[in-house]
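Asks: For reference, the file my_file23.cif (mmCIF, C-alpha atoms) is included below:
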```
data_data
loop_
_atom_site.label_atom_id
_atom_site.label_comp_id
_atom_site.auth_asym_id
_atom_site.auth_seq_id
_atom_site.Cartn_x
_atom_site.Cartn_y
_atom_site.Cartn_z
CA MET A 868 42.01 -75.66 -90.58
CA MET A 869 38.38 -76.66 -90.86
CA GLN A 870 36.03 -73.84 -91.66
CA SER A 871 32.77 -73.16 -89.89
CA SER A 872 29.73 -73.97 -91.95
CA PRO A 873 26.22 -72.80 -91.14
CA LEU A 874 23.58 -75.31 -90.11
CA ASN A 875 20.86 -74.91 -92.67
CA VAL A 876 17.74 -76.60 -93.86
CA ARG A 877 19.25 -77.30 -97.24
CA ARG A 878 21.95 -79.50 -95.74
CA ALA A 879 19.40 -81.37 -93.61
CA ILE A 880 17.20 -81.99 -96.65
CA ILE A 881 20.17 -83.29 -98.61
CA TRP A 882 21.04 -85.75 -95.86
CA ILE A 883 17.50 -86.94 -95.22
CA GLY A 884 16.87 -87.10 -98.95
CA ARG A 885 19.94 -89.23 -99.48
CA LEU A 886 18.92 -91.67 -96.77
CA VAL A 887 15.30 -91.92 -97.82
CA LEU A 888 15.86 -91.98 -101.58
CA GLY A 889 18.89 -94.25 -101.31
CA GLY A 890 16.92 -96.74 -99.20
CA ILE A 891 13.93 -96.60 -101.52
CA PHE A 892 16.06 -97.05 -104.63
CA VAL A 893 17.89 -100.08 -103.22
CA TYR A 894 14.60 -101.52 -102.01
CA ALA A 895 12.89 -100.93 -105.36
CA GLY A 896 15.68 -102.55 -107.35
CA PHE A 897 16.12 -105.44 -104.94
CA SER A 898 12.40 -106.21 -104.82
CA LYS A 899 12.15 -106.24 -108.62
CA LEU A 900 14.99 -108.75 -108.81
CA PHE A 901 14.13 -111.03 -105.92
CA MET A 902 10.40 -110.69 -105.23
CA PRO A 903 8.00 -112.37 -105.32
CA ASN A 904 10.15 -115.37 -106.33
CA THR A 905 12.97 -115.87 -103.88
CA HIS A 906 14.35 -119.34 -104.64
CA LEU A 907 18.09 -118.84 -104.49
CA TRP A 908 19.56 -122.29 -105.03
CA PRO A 909 20.57 -124.28 -107.05
CA MET A 910 21.94 -121.84 -109.62
CA PHE A 911 19.48 -122.68 -112.39
CA VAL A 912 16.61 -122.15 -109.95
CA LEU A 913 18.03 -118.75 -108.99
CA LYS A 914 18.32 -117.89 -112.67
CA PHE A 915 14.71 -118.95 -113.23
CA SER A 916 13.57 -116.89 -110.22
CA LEU A 917 15.25 -113.79 -111.60
CA SER A 918 13.90 -114.42 -115.09
CA MET A 919 10.37 -114.83 -113.74
CA ASN A 920 10.58 -111.66 -111.70
CA LEU A 921 12.00 -109.63 -114.56
CA SER A 922 9.45 -111.05 -117.01
CA SER A 923 6.66 -109.94 -114.72
CA PHE A 924 8.27 -106.53 -114.35
CA ALA A 925 8.57 -106.25 -118.14
CA GLN A 926 4.82 -106.82 -118.38
CA GLN A 927 4.25 -103.99 -115.94
CA VAL A 928 6.54 -101.68 -117.92
CA GLU A 929 4.75 -102.61 -121.13
CA SER A 930 1.36 -101.94 -119.55
CA TYR A 931 2.18 -98.20 -119.55
CA LYS A 932 1.97 -98.38 -123.37
CA MET A 933 4.77 -95.86 -123.72
CA ILE A 934 7.44 -98.01 -125.32
CA SER A 935 7.57 -101.12 -127.48
CA GLN A 936 7.60 -104.68 -126.15
CA GLU A 937 11.30 -105.01 -126.98
CA ALA A 938 12.14 -101.73 -125.26
CA SER A 939 10.10 -102.82 -122.22
CA GLN A 940 12.28 -105.92 -121.98
CA VAL A 941 15.44 -103.82 -122.09
CA VAL A 942 14.12 -101.42 -119.44
CA ALA A 943 12.93 -104.26 -117.20
CA HIS A 944 16.30 -106.01 -117.39
CA THR A 945 18.38 -102.90 -116.66
CA LEU A 946 16.32 -100.59 -114.44
CA PRO A 947 16.55 -102.72 -111.24
CA PHE A 948 20.35 -102.73 -111.45
CA VAL A 949 20.43 -98.99 -112.10
CA GLU A 950 18.15 -98.40 -109.10
CA ILE A 951 20.35 -100.48 -106.81
CA ALA A 952 23.51 -98.75 -108.07
CA LEU A 953 22.01 -95.28 -107.57
CA GLY A 954 20.67 -96.22 -104.15
CA LEU A 955 24.02 -97.59 -103.05
CA LEU A 956 25.74 -94.44 -104.23
CA LEU A 957 23.30 -92.28 -102.26
CA LEU A 958 23.51 -94.41 -99.12
CA SER A 959 27.24 -94.97 -99.19
CA ALA A 960 27.79 -91.25 -99.68
CA ILE A 961 26.31 -90.63 -96.20
CA THR A 962 28.65 -93.14 -94.58
CA VAL A 963 31.65 -91.97 -96.58
CA ILE A 964 31.01 -88.35 -95.60
CA MET A 965 30.59 -89.26 -91.93
CA VAL A 966 33.74 -91.40 -91.93
CA GLY A 967 35.55 -88.47 -93.52
CA PHE A 968 34.27 -86.04 -90.87
CA LEU A 969 35.19 -88.45 -88.08
CA ALA A 970 38.70 -88.97 -89.46
CA ALA A 971 39.31 -85.21 -89.73
CA VAL A 972 37.97 -84.49 -86.24
CA THR A 973 39.88 -87.40 -84.67
CA ARG A 974 43.12 -86.34 -86.35
CA ALA A 975 42.73 -82.77 -85.12
CA TYR A 976 41.97 -83.99 -81.59
CA LEU A 977 44.96 -86.33 -81.50
CA LEU A 978 47.21 -83.51 -82.75
CA HIS A 979 45.87 -81.28 -79.92
CA MET A 980 44.80 -78.66 -82.45
CA ASP A 981 43.00 -75.75 -80.79
CA ILE A 982 40.36 -75.12 -83.42
CA ASN A 983 36.69 -74.62 -84.02
CA CYS A 984 35.24 -77.93 -85.15
CA GLY A 985 33.16 -76.29 -87.90
CA CYS A 986 30.38 -78.71 -87.30
CA PHE A 987 27.53 -76.22 -86.97
CA GLY A 988 26.96 -72.52 -87.36
CA THR A 989 27.80 -71.67 -83.76
CA PRO A 990 31.54 -71.66 -83.07
CA GLU A 991 32.40 -74.76 -81.06
CA LYS A 992 35.76 -75.85 -79.70
CA LEU A 993 36.90 -79.27 -80.89
CA THR A 994 37.09 -81.61 -77.88
CA GLY A 995 36.92 -85.29 -77.04
CA MET A 996 33.14 -84.95 -76.96
CA THR A 997 33.21 -83.79 -80.59
CA VAL A 998 35.00 -87.01 -81.53
CA VAL A 999 32.51 -89.10 -79.56
CA ARG A 1000 29.56 -87.27 -81.13
CA ASP A 1001 30.90 -87.70 -84.68
CA GLY A 1002 31.61 -91.33 -83.87
CA ALA A 1003 27.97 -91.76 -82.86
CA PHE A 1004 26.82 -90.08 -86.07
CA THR A 1005 29.06 -92.36 -88.12
CA ALA A 1006 27.70 -95.41 -86.31
CA LEU A 1007 24.19 -94.14 -87.03
CA ALA A 1008 25.03 -93.71 -90.72
CA LEU A 1009 26.45 -97.23 -90.83
CA LEU A 1010 23.42 -98.64 -89.04
CA THR A 1011 21.08 -96.78 -91.38
CA THR A 1012 22.87 -98.25 -94.37
CA VAL A 1013 22.81 -101.76 -92.92
CA PHE A 1014 19.15 -101.47 -91.93
CA ALA A 1015 18.25 -100.15 -95.38
CA PHE A 1016 19.73 -103.30 -96.90
CA MET A 1017 17.94 -105.48 -94.34
CA GLU A 1018 14.63 -103.72 -95.01
CA ALA A 1019 15.10 -104.32 -98.71
CA ARG A 1020 14.80 -108.05 -98.02
CA GLN A 1021 11.27 -107.74 -96.64
CA PRO A 1022 8.31 -108.49 -98.97
CA HIS A 1023 6.73 -105.41 -100.47
CA PRO A 1024 3.09 -105.23 -101.59
CA TRP A 1025 3.98 -103.07 -104.60
CA SER A 1026 5.83 -106.02 -106.13
CA ALA A 1027 2.65 -108.08 -106.53
CA PRO A 1028 0.56 -107.21 -109.61
CA GLU A 1029 -2.43 -109.38 -108.61
CA LYS A 1030 -3.17 -109.50 -104.89
CA ALA A 1031 -5.51 -112.04 -103.31
CA MET B 435 2.71 -128.09 -98.21
CA PRO B 436 2.84 -131.12 -100.53
CA GLN B 437 6.45 -132.09 -101.17
CA SER B 438 6.22 -134.20 -104.28
CA ALA B 439 4.05 -134.93 -107.27
CA ALA B 440 3.18 -138.32 -105.78
CA GLY B 441 1.64 -136.57 -102.80
CA LEU B 442 -0.72 -134.39 -104.81
CA SER B 443 -4.34 -134.72 -103.88
CA ASP B 444 -7.70 -133.59 -105.21
CA VAL B 445 -6.62 -133.63 -108.84
CA ASP B 446 -9.61 -133.23 -111.12
CA PRO B 447 -8.76 -135.57 -114.02
CA HIS B 448 -10.74 -133.31 -116.34
CA LYS B 449 -8.37 -130.43 -115.62
CA ALA B 450 -5.13 -132.42 -115.63
CA PHE B 451 -3.11 -133.24 -118.73
CA GLY B 452 -0.38 -135.75 -119.50
CA SER B 453 0.97 -138.70 -117.57
CA LYS B 454 0.70 -138.86 -113.79
CA SER B 455 4.11 -140.56 -113.75
CA ALA B 456 5.82 -137.69 -115.57
CA PRO B 457 9.07 -136.60 -113.86
CA VAL B 458 7.82 -133.01 -113.50
CA THR B 459 4.40 -131.91 -112.30
CA MET B 460 3.19 -128.35 -112.83
CA GLU B 461 0.23 -126.97 -110.93
CA VAL B 462 -0.90 -123.68 -112.45
CA PHE B 463 -3.03 -121.55 -110.14
CA SER B 464 -4.94 -119.28 -112.45
CA ASP B 465 -7.81 -116.80 -112.62
CA TYR B 466 -9.72 -116.47 -115.90
CA GLN B 467 -10.17 -112.72 -115.41
CA CYS B 468 -6.51 -112.04 -114.68
CA PRO B 469 -4.65 -110.41 -117.63
CA ALA B 470 -1.33 -111.97 -116.62
CA CYS B 471 -2.97 -115.42 -116.64
CA LYS B 472 -4.22 -114.71 -120.15
CA THR B 473 -0.70 -113.80 -121.24
CA LEU B 474 0.74 -116.95 -119.70
CA PHE B 475 -1.95 -119.12 -121.27
CA THR B 476 -1.76 -117.63 -124.74
CA THR B 477 2.05 -117.55 -124.92
CA THR B 478 3.06 -120.83 -123.29
CA ASN B 479 0.18 -123.28 -122.95
CA ARG B 480 0.05 -124.68 -126.50
CA ARG B 481 3.81 -125.11 -126.80
CA LEU B 482 4.02 -126.59 -123.31
CA MET B 483 1.36 -129.14 -124.20
CA ASP B 484 3.08 -130.05 -127.47
CA ASP B 485 6.67 -130.17 -126.23
CA TYR B 486 6.40 -131.50 -122.69
CA VAL B 487 2.93 -132.72 -121.75
CA SER B 488 2.02 -134.85 -124.76
CA ASN B 489 5.29 -136.78 -124.56
CA GLY B 490 5.06 -137.61 -120.87
CA LYS B 491 7.66 -135.19 -119.52
CA VAL B 492 5.27 -132.93 -117.63
CA TYR B 493 2.01 -133.58 -115.81
CA LEU B 494 0.05 -130.32 -116.05
CA ILE B 495 -2.71 -129.53 -113.56
CA HIS B 496 -4.89 -126.45 -113.91
CA ARG B 497 -5.97 -125.11 -110.53
CA ASP B 498 -8.67 -122.52 -110.01
CA PHE B 499 -7.67 -119.51 -107.95
CA PRO B 500 -10.40 -116.92 -108.59
CA LEU B 501 -9.26 -113.71 -106.94
CA PRO B 502 -11.95 -111.88 -104.95
CA MET B 503 -10.98 -108.63 -106.70
CA HIS B 504 -12.32 -109.98 -110.01
CA ALA B 505 -16.11 -109.88 -110.19
CA HIS B 506 -16.62 -112.61 -112.80
CA SER B 507 -13.67 -114.94 -112.30
CA ARG B 508 -15.53 -117.43 -110.12
CA VAL B 509 -18.39 -117.62 -112.62
CA ALA B 510 -15.85 -118.24 -115.37
CA ALA B 511 -14.21 -120.93 -113.25
CA ARG B 512 -17.60 -122.64 -112.83
CA TYR B 513 -18.17 -122.67 -116.60
CA ALA B 514 -14.69 -124.01 -117.27
CA ARG B 515 -15.17 -126.73 -114.64
CA ALA B 516 -18.50 -127.68 -116.15
CA ALA B 517 -17.03 -127.80 -119.64
CA ALA B 518 -14.14 -129.89 -118.32
CA GLN B 519 -16.60 -132.51 -117.14
CA LEU B 520 -17.79 -132.79 -120.73
CA GLY B 521 -14.21 -133.06 -122.00
CA LYS B 522 -14.34 -129.55 -123.44
CA VAL B 523 -12.00 -127.68 -121.16
CA GLU B 524 -9.46 -126.74 -123.85
CA PRO B 525 -11.80 -124.84 -126.22
CA VAL B 526 -13.60 -123.21 -123.29
CA GLU B 527 -10.40 -122.06 -121.57
CA GLN B 528 -9.18 -120.71 -124.87
CA ALA B 529 -12.45 -118.85 -125.44
CA LEU B 530 -12.46 -117.42 -121.92
CA PHE B 531 -8.91 -116.13 -122.14
CA GLN B 532 -9.10 -114.87 -125.72
CA ASN B 533 -12.32 -112.96 -125.06
CA GLN B 534 -11.40 -111.90 -121.55
CA GLU B 535 -11.81 -108.17 -122.18
CA LYS B 536 -15.32 -108.67 -123.60
CA TRP B 537 -16.92 -110.74 -120.84
CA GLU B 538 -14.98 -108.84 -118.20
CA GLN B 539 -16.84 -105.71 -119.30
CA SER B 540 -20.24 -107.27 -119.94
CA GLY B 541 -20.21 -110.08 -117.39
CA ASP B 542 -21.53 -112.37 -120.13
CA VAL B 543 -19.44 -115.45 -119.41
CA ASP B 544 -22.24 -117.66 -120.66
CA GLY B 545 -22.11 -116.03 -124.08
CA ALA B 546 -18.36 -116.44 -124.37
CA VAL B 547 -18.62 -120.15 -123.58
CA ALA B 548 -21.69 -120.71 -125.75
CA ALA B 549 -19.74 -119.47 -128.78
CA VAL B 550 -17.49 -122.56 -128.73
CA LEU B 551 -19.91 -125.27 -127.58
CA SER B 552 -22.89 -126.87 -129.25
CA ALA B 553 -26.40 -126.14 -127.98
CA ALA B 554 -26.64 -129.59 -126.38
CA GLU B 555 -23.27 -129.17 -124.64
CA MET B 556 -24.24 -125.72 -123.46
CA THR B 557 -27.43 -127.06 -121.91
CA LYS B 558 -25.39 -129.56 -119.88
CA VAL B 559 -22.85 -126.92 -118.90
CA ARG B 560 -25.57 -124.56 -117.67
CA ALA B 561 -27.15 -127.36 -115.64
CA LEU B 562 -23.81 -128.13 -114.02
CA VAL B 563 -23.15 -124.46 -113.30
CA LYS B 564 -26.56 -124.09 -111.66
CA GLY B 565 -26.22 -127.41 -109.84
CA GLY B 566 -23.92 -125.97 -107.21
CA THR B 567 -21.54 -128.93 -107.22
CA LEU B 568 -18.65 -127.02 -108.78
CA ASP B 569 -17.99 -124.44 -106.08
CA PRO B 570 -16.64 -126.98 -103.57
CA MET B 571 -14.13 -128.13 -106.20
CA ILE B 572 -13.06 -124.55 -106.89
CA ASP B 573 -12.81 -123.91 -103.16
CA LYS B 574 -10.56 -126.96 -102.75
CA ASP B 575 -8.18 -125.61 -105.38
CA TYR B 576 -8.24 -122.21 -103.71
CA ALA B 577 -7.54 -123.71 -100.31
CA LEU B 578 -4.69 -125.73 -101.77
CA GLY B 579 -3.26 -122.54 -103.25
CA GLN B 580 -3.34 -120.96 -99.83
CA THR B 581 -1.26 -123.80 -98.43
CA TYR B 582 1.33 -122.90 -101.07
CA ARG B 583 0.95 -119.25 -99.97
CA VAL B 584 -0.32 -118.27 -103.41
CA ASN B 585 -1.26 -114.60 -103.24
CA GLN B 586 -1.24 -113.65 -106.89
CA THR B 587 -2.04 -115.20 -110.21
CA PRO B 588 -0.66 -116.85 -112.16
CA THR B 589 1.39 -118.91 -109.75
CA THR B 590 2.95 -122.12 -110.99
CA VAL B 591 4.10 -124.78 -108.56
CA PHE B 592 6.69 -127.17 -109.98
CA HIS B 593 7.26 -130.57 -108.37
CA CYS B 594 10.32 -132.58 -109.29
CA LYS B 595 12.26 -135.25 -107.42
CA GLY B 596 10.74 -134.36 -104.08
CA GLN B 597 11.36 -130.64 -104.44
CA THR B 598 8.63 -128.03 -104.71
CA TYR B 599 9.19 -124.68 -106.39
CA PRO B 600 6.33 -122.16 -106.35
CA TYR B 601 6.74 -119.32 -108.86
CA SER B 602 4.55 -116.27 -109.21
CA GLY B 603 4.17 -114.29 -112.38
CA ILE B 604 4.45 -114.53 -116.10
CA MET B 605 7.15 -116.58 -117.75
CA THR B 606 8.08 -116.63 -121.40
CA TYR B 607 8.12 -119.99 -123.09
CA ASP B 608 11.88 -119.82 -123.64
CA ILE B 609 12.52 -119.26 -119.94
CA LEU B 610 10.08 -122.01 -118.99
CA LYS B 611 11.73 -124.37 -121.47
CA GLN B 612 15.17 -123.71 -120.00
CA PHE B 613 13.87 -124.37 -116.51
CA LEU B 614 12.03 -127.57 -117.44
CA ASP B 615 15.07 -128.88 -119.31
CA GLN B 616 17.23 -128.23 -116.26
CA LEU B 617 14.74 -129.94 -113.97
CA LEU B 618 14.49 -132.93 -116.32
CA SER B 619 18.28 -133.23 -116.58
CA GLN B 620 18.73 -133.33 -112.79
CA LYS B 621 20.02 -136.68 -111.53
#
```
Rewrite the structure from the file as structure tokens, please.
Replies:
Amino acid sequence: MMQSSPLNVRRAIIWIGRLVLGGIFVYAGFSKLFMPNTHLWPMFVLKFSLSMNLSSFAQQVESYKMISQEASQVVAHTLPFVEIALGLLLLSAITVIMVGFLAAVTRAYLLHMDINCGCFGTPEKLTGMTVVRDGAFTALALLTTVFAFMEARQPHPWSAPEKA
Amino acid sequence: MPQSAAGLSDVDPHKAFGSKSAPVTMEVFSDYQCPACKTLFTTTNRRLMDDYVSNGKVYLIHRDFPLPMHAHSRVAARYARAAAQLGKVEPVEQALFQNQEKWEQSGDVDGAVAAVLSAAEMTKVRALVKGGTLDPMIDKDYALGQTYRVNQTPTTVFHCKGQTYPYSGIMTYDILKQFLDQLLSQK
């Protein structure tokens, strides 16, 4: 049986933090790889676009004067992928958790289990409305993830070292 | 936006290098006060000239794109333009980029240029700079850059076989070489 869990600020911060940081990380990594040069085809042009973007990023890393030129190259060519991977993990975690909640609630509803849903601090009987509400939350999590990826495709002023 | 090298207009012959009939044309939109432009110039320009421009593979055009955020870049562009009209663009561009930090601080572009030209050449350059005929040429380059949506320097626009590829940022010579070789090998 699902246990009640208190609604608390900590949980809200974790969720909001995951969404915000996950979106920012994916955006940051994506923009370093594909902005400002976005030619995607043919393959050698795509390769050149990526090389140009990463070369420019390496210059920015080197400008901090914290690590050597060689180390800057290594950082520039790995950090964007790490950022995207971390961002995806953070974002997908939200959706995975919501899908998990929805599955558990739906199963309990279909089995006519007379239980407290355990969704918030106040005891609440699990009903069809609980399933609908969790379904809406899951859809929101999915939409947030999809929109985060779509937003990552928009140009970002931080990616341009020399603005006109 | 121009679609091919053949369609390029307003090319100042004093700031263009190589054969006009080269299979690849590169337009480099640059700002003399921009550190990234300095890096691009010092790391790729000489080798590009030796390996691709001098043997007719690439037609290289230097375009002025003085960014408003840089206080002395337009002045530097005027001096480089003036020197170009005397056939002295290469030593002057080299002097401007190599001493960028100095004249950026002092604003003494004249001194940086005077160090690599004779007194007689410098007199002509100063007359051209004061003549006011160079700004319209710089403005034309800037306006052309805007049609390519250039918003940072350096931006290099490659033209090959009717295709146009604008690229922003610094490239290493090895990466540039790979790209040029691929463009040249296209059928």
Asks: Evaluate the PyMOL selection byres ((chain A) within 10 of (chain B)) and record the selected residues as a list in words, following the chain and residue labels used in the document.
Replies: Met902, Pro903, Asn904, Thr905, His906, Phe911, Val912, Lys914, Phe915, Ser916, Ser918, Met919, Asn920, Leu921, Ser922, Ser923, Phe924, Ala925, Gln926, Gln927, Ala1027, Pro1028, Glu1029, Lys1030 and Ala1031 of chain A
Asks: Taking the file above as input, evaluate the PyMOL selection byres ((chain B and resi 443-457) around 6) and report the hits as an mmCIF file with C-alpha atoms, keeping the file's coordinate frame.
Replies:
```
data_model
loop_
_atom_site.group_PDB
_atom_site.id
_atom_site.type_symbol
_atom_site.label_atom_id
_atom_site.label_comp_id
_atom_site.auth_asym_id
_atom_site.auth_seq_id
_atom_site.Cartn_x
_atom_site.Cartn_y
_atom_site.Cartn_z
ATOM 1 C CA LEU B 442 -0.720 -134.390 -104.810
ATOM 2 C CA VAL B 458 7.820 -133.010 -113.500
ATOM 3 C CA VAL B 487 2.930 -132.720 -121.750
ATOM 4 C CA SER B 488 2.020 -134.850 -124.760
ATOM 5 C CA GLY B 490 5.060 -137.610 -120.870
ATOM 6 C CA LYS B 491 7.660 -135.190 -119.520
ATOM 7 C CA VAL B 492 5.270 -132.930 -117.630
ATOM 8 C CA TYR B 493 2.010 -133.580 -115.810
ATOM 9 C CA LEU B 494 0.050 -130.320 -116.050
ATOM 10 C CA ILE B 495 -2.710 -129.530 -113.560
ATOM 11 C CA HIS B 496 -4.890 -126.450 -113.910
ATOM 12 C CA ALA B 518 -14.140 -129.890 -118.320
ATOM 13 C CA GLN B 519 -16.600 -132.510 -117.140
#
```
Asks: Hey, which of A:Phe901, A:Trp882, A:Trp908, A:Tyr894 ends up closest to B:Gln597? Count all atoms listed in the file.
Replies: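 The answer is A:Trp908, which sits nearest to B:Gln597.
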Asks: I'd like the contact shell of B:Ala561 - 12 Å cut-off, all atoms listed in the file, skipping same-chain residues fewer than 6 positions apart - returned as a list in words.
Replies: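 Non-adjacent residues within range: Arg512, Tyr513, Ala516, Ala517, Gln519, Leu520, Asp544, Ala554, Glu555, Thr567 and Leu568 of chain B.
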Asks: Within 12 Å of B:Ser552, counting all atoms listed in the file, which residues qualify if same-chain residues fewer than 5 places away don't, as a PyMOL selection string?
Replies: chain B and resi 517+520+522+525-526+547+557-559
Asks: Can you write just those residues out, C-alpha atoms, as a PDB file, keeping the file's coordinate frame?
Replies:
```
ATOM      1  CA  ALA B 517     -17.030-127.800-119.640  1.00  0.00           C
ATOM      2  CA  LEU B 520     -17.790-132.790-120.730  1.00  0.00           C
ATOM      3  CA  LYS B 522     -14.340-129.550-123.440  1.00  0.00           C
ATOM      4  CA  PRO B 525     -11.800-124.840-126.220  1.00  0.00           C
ATOM      5  CA  VAL B 526     -13.600-123.210-123.290  1.00  0.00           C
ATOM      6  CA  VAL B 547     -18.620-120.150-123.580  1.00  0.00           C
ATOM      7  CA  THR B 557     -27.430-127.060-121.910  1.00  0.00           C
ATOM      8  CA  LYS B 558     -25.390-129.560-119.880  1.00  0.00           C
ATOM      9  CA  VAL B 559     -22.850-126.920-118.900  1.00  0.00           C
TER      10      VAL B 559
END
```
Asks: When you count all atoms listed in the file, which of these residues is closest to B:Asp608: B:Val550, B:Asp485, B:Gln620, B:Asp542?
Replies: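 So, comparing all the options, the nearest one is B:Asp485.
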Asks: Using all atoms listed in the file, which residue out of B:Leu551, B:Val462, B:Met571, B:Val543 lies closest to B:Val523?
Replies: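 The answer is B:Leu551, which sits nearest to B:Val523.
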Asks: Using only C-alpha atoms, which residues sit within 12 Å of B:Ala546 once same-chain residues fewer than 2 positions away are excluded, as a PyMOL selection string?
Replies: chain B and resi 509-510+513-514+525-544+548-551+556
Asks: Go ahead and dump the residues you just picked, C-alpha atoms, as a compact mmCIF listing (two decimals), keeping the file's coordinate frame.
Replies:
```
# COMPACT_ATOMS: atom_id res chain seq x y z
CA VAL B 509 -18.39 -117.62 -112.62
CA ALA B 510 -15.85 -118.24 -115.37
CA TYR B 513 -18.17 -122.67 -116.60
CA ALA B 514 -14.69 -124.01 -117.27
CA PRO B 525 -11.80 -124.84 -126.22
CA VAL B 526 -13.60 -123.21 -123.29
CA GLU B 527 -10.40 -122.06 -121.57
CA GLN B 528 -9.18 -120.71 -124.87
CA ALA B 529 -12.45 -118.85 -125.44
CA LEU B 530 -12.46 -117.42 -121.92
CA PHE B 531 -8.91 -116.13 -122.14
CA GLN B 532 -9.10 -114.87 -125.72
CA ASN B 533 -12.32 -112.96 -125.06
CA GLN B 534 -11.40 -111.90 -121.55
CA GLU B 535 -11.81 -108.17 -122.18
CA LYS B 536 -15.32 -108.67 -123.60
CA TRP B 537 -16.92 -110.74 -120.84
CA GLU B 538 -14.98 -108.84 -118.20
CA GLN B 539 -16.84 -105.71 -119.30
CA SER B 540 -20.24 -107.27 -119.94
CA GLY B 541 -20.21 -110.08 -117.39
CA ASP B 542 -21.53 -112.37 -120.13
CA VAL B 543 -19.44 -115.45 -119.41
CA ASP B 544 -22.24 -117.66 -120.66
CA ALA B 548 -21.69 -120.71 -125.75
CA ALA B 549 -19.74 -119.47 -128.78
CA VAL B 550 -17.49 -122.56 -128.73
CA LEU B 551 -19.91 -125.27 -127.58
CA MET B 556 -24.24 -125.72 -123.46
```
Asks: Give me, please, the distance in Å between atom CA of B:Gly521 and atom CA of B:Leu562, quoted to one decimal.
Replies: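 Separating atom CA of B:Gly521 from atom CA of B:Leu562 is a distance of 13.4 Å.
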Asks: Interatomic distance between atom CA of A:Ala975 and atom CA of A:Lys992?
Replies: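 So the two atoms, atom CA of A:Ala975 and atom CA of A:Lys992, lie 11.2 Å apart.
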Asks: Name the residues in contact with A:Val887 at a cut-off of 10 Å, using only C-alpha atoms, excluding same-chain residues fewer than 4 positions from it; report them as a JSON list (two decimals) with C-alpha atoms, in the frame of the given file.
Replies:
```json
[["chain", "number", "residue", "atom", "x", "y", "z"],
["A", 881, "ILE", "CA", 20.17, -83.29, -98.61],
["A", 882, "TRP", "CA", 21.04, -85.75, -95.86],
["A", 883, "ILE", "CA", 17.50, -86.94, -95.22],
["A", 891, "ILE", "CA", 13.93, -96.60, -101.52],
["A", 892, "PHE", "CA", 16.06, -97.05, -104.63],
["A", 954, "GLY", "CA", 20.67, -96.22, -104.15],
["A", 957, "LEU", "CA", 23.30, -92.28, -102.26],
["A", 958, "LEU", "CA", 23.51, -94.41, -99.12],
["A", 1011, "THR", "CA", 21.08, -96.78, -91.38],
["A", 1015, "ALA", "CA", 18.25, -100.15, -95.38]]
```
Asks: Figure out the distance between atom CA of B:Phe463 and atom CA of B:Thr590, please, to one decimal in Å.
Replies: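 Spanning atom CA of B:Thr590 to atom CA of B:Phe463 is a straight-line distance of 6.1 Å.
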